[in-house]
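Heads up, the thing below is written out as structure tokens.
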Amino acid sequence: MKKIVIVGVGEVVEQVPDNLEQASSPLDLMAQATQQALADCGVEDIDGAIDTIAAVRTFSESGAQLKSPFGDPDNLPRAICARTGLSPEHAVYSCSGGQVPQQLVNEFAGLIAQGKREAVLLVGGEALANQKALKKAKVKANWRDDTDGPSERRHPEITNMFDIAHLHNEFTHIPSAYTIMEQARRKKLGLNQEDYARECGQLFEGLAKVAATHPYSMFPDAMSAKDIAAITETNNAVTDTYPRAMTAKDGVNQAAAVILMSEDRARALGISEDKWIYALSGSDAEDTSLPFREDLSRSVAMDAAYDGALQAAAIKAEDLSCMDIYSCFPVAVFAACEALGIETTDPRGLTVTGGLPFFGGPGNNYSMHGIVNVVKRLRETGDGYGLVGANGGFITKHCVGIYGKRPGDWVMADKDALKAKVEAQAKPDTAYFADGRATIDGYSVEYGRKGPKRAYMVGRLEDGRTFIGSTDRGDTETVAEMLAEDPIHKTVYVTSKGPGNRFTFSPNATETLIPSVPDSLDGEFEHCLVTRNGRVLEVTINRPDARNSLTPEANFELERIFDLYLKDRSLWVAILTGAGEKSFSAGNDLKYMGTGKPIWFPESGFAGLTHRKKRLKPVIAAVNGFAYGGGLEIALACEIIVADATAKFALPEVKTGLIAAAGGVHRLPKILPQHIARDMILTGRSMDVDEAVQHGMVNYKTEAGAAMDKAREIAERICAVSPTAVSASLEMMYEGKDILDPAEALDRPTQALQKVAASEDLQIGLMAFLTKQPAKWKNR
């Protein structure tokens with residue numbers, strides 16, 4: 001392997017100017033940091049040597065909700081080049097996450113070592129402080145740039161922070177997620193809230209002292225441990241554990257850049273060896289999502305990443321002379337110290353910048369400043385080793401780098417070996433939908449301007465499964481009880497019936513959270529019409545003014561209807577249709593989505609059907625008019641589809657930036673020819689009833705307005721045969737649906753045959769056959 005050296009570094013900070021027309025954009029700051037790094041190399045022809053630029057993704061382009069009101073460059077890496085006179089062959093715009101700067105060092109050090117790159121510039125920055133000031137003062141700015149050129153634009157990956165369980169529970173408040181880990185650690189140590197807050201304050205006091213004297217610090221105030229931990233008007237509570245001083249500050253104007261290349265290339269360019277700092281090793285490891293960890297207070301991936309980087313560099317933690325540990329929140333630092341086996345009071349210090357709460361947390365780029373300052377420190381001392389630990393997600397993604405003044409080959413820790421360590425950790429089973437008694441393993445209370453706002457938890461059901469839960473919006477009573485005394489290991493009662501897994505300390509209080517729907521098919525439903533027709537249940541989605549699109553409440557109502565249908569032994573077949581002539585169902589109610597109300601689905605999915613497993617009674621879809629989006633997904637979840645001449649089918653989700661995630665992308669390719677299904681899914685095009693019949697998606701076509709008549713005819717045919725045999729047939733179909741070889745499916749053990757063999761209906765059927773009399777089925 002080749003030796004890799006960092007030969008140039010630069011960083012800038014800008015306090016918000018009095019004249020906001022002079023406020024820099026992120027591009028401005030990154031160009032300045034780039035020019036500093038180029039100048040730091042100390043040779044005139046360095047510009048032409050750079051063959052690659054990699055820019056760290058800004059917050060504004062990490063998620064739609066973070067978008068800058070002043071615009072963004074169309075091609076940030078090339079825009080930086082245009083500002084600084086660079087013309088590299090390769091340009092990369094990175095993904096998101098606090099681990100990215102060190103991840104880029106790892107990646108490009110490896111490529112340089114393999115001879116695939118010559119010299120690489122890494123740069124990133126933010127101007128969120130200026131953005132906030134401009135917006136508050138209502139001063140217009142134009143931060144756009146239309147510079148063009150070839151570049152690799154990587155996916156932001158910001159959504160990787162939040163899996164479906166987080167989103168389902170509206171659990172996207174990052175300080176609250178870290179607070180859950182903090183509280184789990186506090187409980188493990190046996191500390192009360194006051195003592196733990198004091199420990200956090202003492203930890204961060206050391207960071208604040210470093211930031212106070214750092215020339216590029218955004219907040220150079222030497223706060224004491226007491227001041228850091230105290231809740232005041234200016235140090236307001238963010239969560240029950242964190243005052244503002246204990247959280248990363250992204251409202252900064254900072255940028256940093258690093259230039260790395262091979263030792264041979266640096267020598268050929270005439271760069272002084274005084275500038276060289278060797279990139280010795282790197283590691284990259286990713287942990288499981290928060291509720292999947294047995295110990296919420298730590299990260300196995302972090303342990304593996306720190307250990308892997310040290311081993312790859314053939315050194316130990318005691319050999320380090322300086323380090324910069326990612327410090328978004330106290331628990332991240334505590335966990336890193338445990339991974340390194342060092343005390344939080346280590347005399348070498350835990351940061352060379354002052355950390356994200358005091359030096360500043362410029363979005364995804366903080367650790368670039370860590371690298372810059374480790375390089376500067378090692379240049380000053382002329383010896384020793386430095387470490388940079390970068391963290392993304394909820395102590396989830398970890399990249400660690402080891403740097404030194406002494407020469408050494410670049411070595412990347414074995415990623416597969418680190419992954420194996422992560423996968424070997426004990427993982428609890430998890431419940432996406434949680435119901436019943438549970439205990440609290442970790443919790444947090446989010447604060448707003450008016451005080452406590454909402455509580456979150458990682459809990460454990462009585463069967464041992466873990467889950468994410470939250471209090472209901474506006475439930476101040478449960479939030480107050482969470483704060484009144486330590487709730488960890490206390491019993492709560494949780495329901496998944498509604499927006500997320502919501503909990504209280506009382507079973508009666510939790511019961512009141514469940515949306516009210518009739519507990520009988522004879523009740524009055526708000527969004528549906530329900531009619532018994534002998535053995536047949538007819539269900540009509542009754543929202544014609546909204547094209548029978550479905551809100552969460554309508555889906556929950558349909559779940560209850562089909563629950564009752566499946567339990568009622570007197571009902572053998574159900575028919576589902578839509579009110580009016582224009583639409584069976586247009587799927588998800590997009591207007592509802594724009595109201596800001598919680599968006600949720602019952603456990604059984606869209607219309608109570610799309611996610612329901614092993615439904616052992618048939619449902620017939622009688623399609624009139626549009627079956628679009630979720631409407632088609634509902635129809636596909638039914639056993640038989642009848643459609644009239646007006647019917648049209650489509651999965652148009654891609655036209656609005658969505659995907660057909662309620663079964664459309666899975667079921668349609670199993671029903672239609674693969675390329676026809678892909679055409680519909682990828683273009684959103686519609687299919688008329690004739691084409692649907694031709695390809696076998698629709699069983700029967702009728703004239704306009706006659707779909708229900710045909711559906712009733714088919715339902716009567718089903719009612720004429722054994723309901724026990726129908727149910728057993730469905731059961732065997734479900735059991736064998738993923739087995740390609742029919743012979744293999746037949747060899748699979750099944751209870752369906754035993755149910756039929758032991759049924760009274762079998763005897764009735766045989767007797768009817770022998771006597772040539774109509775069978776009078778008992779459904780038993």
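If you're wondering about the labels, chains in the structure tokens are A, B, ... by order shown, residues count from 1 in each chain, ligands from 1 in order shown.
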Extract, using only C-alpha atoms, all DNA, RNA and protein residues at most 9 Å from A:Ala635, discarding same-chain residues fewer than 5 positions from it, and format them as a PDB file with C-alpha atoms, in the first residue's frame.
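Here's the written file out_4.pdb:
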```
ATOM      1  CA  LEU A 576     -65.777  -4.066  -1.489  1.00  0.00           C
ATOM      2  CA  THR A 610     -53.128  -4.607   2.000  1.00  0.00           C
ATOM      3  CA  ILE A 620     -64.236  -9.456  -4.057  1.00  0.00           C
ATOM      4  CA  ALA A 621     -63.370  -6.001  -5.418  1.00  0.00           C
ATOM      5  CA  ALA A 622     -66.195  -4.461  -7.472  1.00  0.00           C
ATOM      6  CA  VAL A 623     -64.370  -1.700  -9.310  1.00  0.00           C
ATOM      7  CA  ALA A 627     -58.748   2.450  -8.989  1.00  0.00           C
ATOM      8  CA  GLY A 630     -53.920   2.834  -3.023  1.00  0.00           C
ATOM      9  CA  ILE A 640     -61.248 -11.580  -7.234  1.00  0.00           C
ATOM     10  CA  ILE A 641     -61.579  -8.336  -9.205  1.00  0.00           C
TER      11      ILE A 641
END
```
Give me the residues of stretch 587-682 of chain A that have any atom at most 12 Å from an atom of stretch 430-448 of chain A; for each, the nearest atom pair and the distance in Å, rounded to one decimal. Use only C-alpha atoms, sort by chain and number, and format it as JSON lines.
```
{"residue": "A:Trp600", "atom": "CA", "partner": "A:Phe433", "partner_atom": "CA", "distance": 11.5}
{"residue": "A:Phe601", "atom": "CA", "partner": "A:Phe433", "partner_atom": "CA", "distance": 10.5}
{"residue": "A:Pro602", "atom": "CA", "partner": "A:Phe433", "partner_atom": "CA", "distance": 8.8}
{"residue": "A:Glu603", "atom": "CA", "partner": "A:Phe433", "partner_atom": "CA", "distance": 6.7}
{"residue": "A:Ser604", "atom": "CA", "partner": "A:Phe433", "partner_atom": "CA", "distance": 10.4}
{"residue": "A:Gly605", "atom": "CA", "partner": "A:Phe433", "partner_atom": "CA", "distance": 11.7}
```
Hey, could you make a per-residue contact list for stretch 248-314 of chain A against stretch 210-218 of chain A with 12 Å as the cut-off, showing the nearest pair of atoms and its distance in Å to one decimal, counting only C-alpha atoms, sorted by chain and number, as a Markdown table?
```
| residue | atom | partner | partner_atom | distance |
| --- | --- | --- | --- | --- |
| A:Ala248 | CA | A:Met218 | CA | 11.9 |
| A:Lys249 | CA | A:Met218 | CA | 9.3 |
| A:Asp250 | CA | A:Met218 | CA | 10.1 |
| A:Gly251 | CA | A:Met218 | CA | 9.0 |
| A:Val252 | CA | A:Met218 | CA | 6.4 |
| A:Asn253 | CA | A:Met218 | CA | 7.5 |
| A:Gln254 | CA | A:Met218 | CA | 7.8 |
| A:Ala255 | CA | A:Tyr216 | CA | 9.7 |
| A:Ala256 | CA | A:Tyr216 | CA | 10.2 |
```
Problem - Close residues, stretch 19-23 of chain A itself excluded, 8 Å, only C-alpha atoms, min 5 positions apart in chain, as a ChimeraX atom specification - result: /A:130,133-134,139,141
Go ahead and save the residues from that selection, with all heavy atoms, as a PDB file, in the first residue's frame.
```
ATOM      1  N   ASN A 130     -25.993  32.951   9.013  1.00  0.00           N
ATOM      2  CA  ASN A 130     -26.351  34.026   8.078  1.00  0.00           C
ATOM      3  C   ASN A 130     -27.749  33.817   7.512  1.00  0.00           C
ATOM      4  O   ASN A 130     -28.524  34.765   7.361  1.00  0.00           O
ATOM      5  CB  ASN A 130     -25.339  34.077   6.935  1.00  0.00           C
ATOM      6  CG  ASN A 130     -24.026  34.734   7.335  1.00  0.00           C
ATOM      7  OD1 ASN A 130     -23.966  35.428   8.351  1.00  0.00           O
ATOM      8  ND2 ASN A 130     -22.979  34.517   6.541  1.00  0.00           N
ATOM      9  N   ALA A 133     -30.272  34.888  10.053  1.00  0.00           N
ATOM     10  CA  ALA A 133     -30.273  36.341  10.223  1.00  0.00           C
ATOM     11  C   ALA A 133     -30.934  37.036   9.041  1.00  0.00           C
ATOM     12  O   ALA A 133     -31.720  37.979   9.210  1.00  0.00           O
ATOM     13  CB  ALA A 133     -28.842  36.838  10.409  1.00  0.00           C
ATOM     14  N   LEU A 134     -30.622  36.583   7.847  1.00  0.00           N
ATOM     15  CA  LEU A 134     -31.228  37.166   6.647  1.00  0.00           C
ATOM     16  C   LEU A 134     -32.733  36.975   6.632  1.00  0.00           C
ATOM     17  O   LEU A 134     -33.507  37.885   6.318  1.00  0.00           O
ATOM     18  CB  LEU A 134     -30.613  36.532   5.402  1.00  0.00           C
ATOM     19  CG  LEU A 134     -29.179  36.937   5.054  1.00  0.00           C
ATOM     20  CD1 LEU A 134     -28.556  35.939   4.084  1.00  0.00           C
ATOM     21  CD2 LEU A 134     -29.149  38.347   4.469  1.00  0.00           C
ATOM     22  N   VAL A 139     -34.232  40.127   4.626  1.00  0.00           N
ATOM     23  CA  VAL A 139     -33.297  40.599   3.599  1.00  0.00           C
ATOM     24  C   VAL A 139     -33.182  39.515   2.539  1.00  0.00           C
ATOM     25  O   VAL A 139     -32.947  38.346   2.846  1.00  0.00           O
ATOM     26  CB  VAL A 139     -31.912  40.906   4.208  1.00  0.00           C
ATOM     27  CG1 VAL A 139     -30.916  41.281   3.106  1.00  0.00           C
ATOM     28  CG2 VAL A 139     -32.017  42.022   5.227  1.00  0.00           C
ATOM     29  N   ALA A 141     -31.573  37.353  -0.527  1.00  0.00           N
ATOM     30  CA  ALA A 141     -30.241  36.925  -0.955  1.00  0.00           C
ATOM     31  C   ALA A 141     -30.400  35.883  -2.052  1.00  0.00           C
ATOM     32  O   ALA A 141     -31.423  35.197  -2.128  1.00  0.00           O
ATOM     33  CB  ALA A 141     -29.463  36.335   0.223  1.00  0.00           C
TER      34      ALA A 141
END
```
Problem - Surrounding residues of A:Ala725 excluding itself and chain neighbours under 6 positions, 9 Å, only C-alpha atoms, as a list in words - result: Ala752, Lys755, Val756, Asp761, Leu762 and Asn779 of chain A
For A:Leu269, find every residue with an atom within 9 Å (counting only C-alpha atoms), except residues of its own chain fewer than 3 positions away, and show them as a compact mmCIF listing (two decimals) with C-alpha atoms, in the first residue's frame.
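File part-v3.txt, as written:
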```txt
# COMPACT_ATOMS: atom_id res chain seq x y z
CA VAL A 43 3.64 25.41 -3.75
CA ASP A 45 1.33 24.61 -9.04
CA ILE A 46 -0.90 22.76 -6.59
CA ALA A 49 -2.44 18.72 -9.38
CA ASP A 264 5.32 10.28 -3.75
CA ARG A 265 3.08 12.90 -5.33
CA ALA A 266 3.72 15.37 -2.51
```
Practice task
Mind listing the helix (DSSP H, G or I) residues of stretch 518-707 of chain A, per DSSP on the backbone, as a ChimeraX atom specification?
Solution key: /A:544-546,552-567,590-593,606-608,630-636,652-656,664-671,674-683,689-694,707
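Residues surrounding A:Thr478 within 9 Å are Arg454, Ala455, Thr471, Asp472, Phe503, Thr504 and Phe505 of chain A [only C-alpha atoms; sequence separation below 6 positions excluded].
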Problem - Those in stretch 58-243 of chain A with strand (DSSP E) from DSSP, as an NGL selection string - result: :A and (90-93 or 119-127 or 152-153)
Exercise for the section: Would you kindly return, as an MDAnalysis selection string, each protein, DNA or RNA residue with an atom no farther than 12 Å from any atom of stretch 731-738 of chain A, considering only C-alpha atoms and excluding same-chain residues fewer than 2 positions away? Expected result: chainID A and resid 612:618 639 667 670 724:729 740:756
What would the file look like if the residues just selected were written as a tab-separated table (two decimals), in the first residue's frame with N, CA and C atoms?
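So selection_11.tsv came out as:
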```tsv
chain	number	residue	atom	x	y	z
A	612	ARG	N	-52.73	-7.25	5.59
A	612	ARG	CA	-53.33	-8.32	6.40
A	612	ARG	C	-52.78	-9.67	5.94
A	613	LYS	N	-52.30	-10.45	6.88
A	613	LYS	CA	-51.68	-11.73	6.56
A	613	LYS	C	-52.68	-12.87	6.75
A	614	LYS	N	-52.62	-13.84	5.85
A	614	LYS	CA	-53.41	-15.06	5.95
A	614	LYS	C	-54.90	-14.77	6.20
A	615	ARG	N	-55.49	-13.99	5.33
A	615	ARG	CA	-56.93	-13.75	5.42
A	615	ARG	C	-57.63	-14.97	4.82
A	616	LEU	N	-58.38	-15.71	5.63
A	616	LEU	CA	-58.91	-17.00	5.19
A	616	LEU	C	-60.38	-16.93	4.78
A	617	LYS	N	-60.84	-15.72	4.43
A	617	LYS	CA	-62.14	-15.54	3.80
A	617	LYS	C	-61.94	-14.65	2.59
A	618	PRO	N	-62.67	-14.90	1.50
A	618	PRO	CA	-62.45	-14.12	0.27
A	618	PRO	C	-63.10	-12.75	0.31
A	639	GLU	N	-59.24	-11.23	-3.54
A	639	GLU	CA	-59.08	-12.50	-4.24
A	639	GLU	C	-59.60	-12.45	-5.68
A	667	ARG	N	-47.22	-6.73	-5.52
A	667	ARG	CA	-48.28	-7.58	-6.06
A	667	ARG	C	-48.42	-7.47	-7.58
A	670	LYS	N	-46.46	-9.73	-9.83
A	670	LYS	CA	-46.81	-11.15	-9.71
A	670	LYS	C	-48.09	-11.48	-10.47
A	724	THR	N	-65.64	-24.13	4.54
A	724	THR	CA	-64.44	-24.72	5.15
A	724	THR	C	-63.39	-25.01	4.08
A	725	ALA	N	-63.84	-25.56	2.94
A	725	ALA	CA	-62.91	-25.86	1.87
A	725	ALA	C	-62.35	-24.58	1.24
A	726	VAL	N	-63.19	-23.55	1.14
A	726	VAL	CA	-62.71	-22.27	0.62
A	726	VAL	C	-61.62	-21.71	1.52
A	727	SER	N	-61.86	-21.72	2.83
A	727	SER	CA	-60.89	-21.20	3.79
A	727	SER	C	-59.59	-22.00	3.74
A	728	ALA	N	-59.71	-23.34	3.69
A	728	ALA	CA	-58.52	-24.19	3.64
A	728	ALA	C	-57.76	-23.98	2.33
A	729	SER	N	-58.47	-23.77	1.24
A	729	SER	CA	-57.81	-23.51	-0.04
A	729	SER	C	-57.01	-22.22	0.02
A	740	LEU	N	-41.79	-22.06	-5.60
A	740	LEU	CA	-41.94	-22.16	-7.05
A	740	LEU	C	-42.33	-23.56	-7.50
A	741	ASP	N	-41.79	-24.59	-6.87
A	741	ASP	CA	-42.03	-25.97	-7.27
A	741	ASP	C	-43.29	-26.51	-6.59
A	742	PRO	N	-44.36	-26.81	-7.33
A	742	PRO	CA	-45.58	-27.33	-6.71
A	742	PRO	C	-45.33	-28.59	-5.88
A	743	ALA	N	-44.43	-29.45	-6.33
A	743	ALA	CA	-44.14	-30.66	-5.56
A	743	ALA	C	-43.56	-30.32	-4.20
A	744	GLU	N	-42.69	-29.31	-4.18
A	744	GLU	CA	-42.12	-28.88	-2.90
A	744	GLU	C	-43.20	-28.29	-2.01
A	745	ALA	N	-44.12	-27.53	-2.59
A	745	ALA	CA	-45.22	-26.95	-1.81
A	745	ALA	C	-46.10	-28.06	-1.22
A	746	LEU	N	-46.31	-29.12	-1.98
A	746	LEU	CA	-47.13	-30.22	-1.49
A	746	LEU	C	-46.46	-30.96	-0.34
A	747	ASP	N	-45.15	-30.97	-0.31
A	747	ASP	CA	-44.42	-31.65	0.76
A	747	ASP	C	-44.40	-30.84	2.05
A	748	ARG	N	-44.78	-29.57	1.97
A	748	ARG	CA	-44.74	-28.72	3.15
A	748	ARG	C	-45.88	-29.08	4.10
A	749	PRO	N	-45.58	-29.25	5.39
A	749	PRO	CA	-46.64	-29.58	6.36
A	749	PRO	C	-47.69	-28.48	6.40
A	750	THR	N	-48.97	-28.85	6.48
A	750	THR	CA	-50.05	-27.87	6.53
A	750	THR	C	-51.18	-28.39	7.41
A	751	GLN	N	-51.82	-27.47	8.09
A	751	GLN	CA	-52.99	-27.82	8.90
A	751	GLN	C	-54.27	-27.77	8.08
A	752	ALA	N	-54.17	-27.20	6.87
A	752	ALA	CA	-55.37	-27.01	6.06
A	752	ALA	C	-56.05	-28.34	5.74
A	753	LEU	N	-55.27	-29.33	5.36
A	753	LEU	CA	-55.87	-30.63	5.00
A	753	LEU	C	-56.53	-31.28	6.21
A	754	GLN	N	-55.87	-31.16	7.36
A	754	GLN	CA	-56.46	-31.74	8.57
A	754	GLN	C	-57.78	-31.07	8.93
A	755	LYS	N	-57.83	-29.73	8.73
A	755	LYS	CA	-59.07	-29.01	9.02
A	755	LYS	C	-60.21	-29.51	8.14
A	756	VAL	N	-59.92	-29.71	6.87
A	756	VAL	CA	-60.94	-30.20	5.94
A	756	VAL	C	-61.34	-31.63	6.29
```
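Closest to A:Gln202 among A:Gly270, A:Pro330, A:Pro88, A:Pro17 is A:Pro330, based on only C-alpha atoms.
Closest approach to A:Ala55 among A:Met368, A:Leu387, A:Val642, A:Ile277 is made by A:Met368 (distances from only C-alpha atoms).
You can rank A:Ala546, A:Thr646, A:Ala301, A:Gly684 by their closest distance to A:Ala420 using only C-alpha atoms, and at the top of that list sits A:Ala301.
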Practice task
Identify which of the residues A:Phe334, A:Arg267, A:Ala237, A:Ile50 lies closest to A:Arg185, counting only C-alpha atoms when measuring atom-to-atom distances.
Solution key: A:Phe334
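Take the candidates A:Cys399, A:Val123, A:Ile714, A:Ala54 and check each one against A:Leu418 using only C-alpha atoms; the shortest distance goes to A:Cys399.
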Practice task
Go through A:Pro723, A:Gly389, A:Gly500, A:Gly71 and flag the residue nearest A:Phe171, using only C-alpha atoms for the distances.
Solution key: A:Gly500
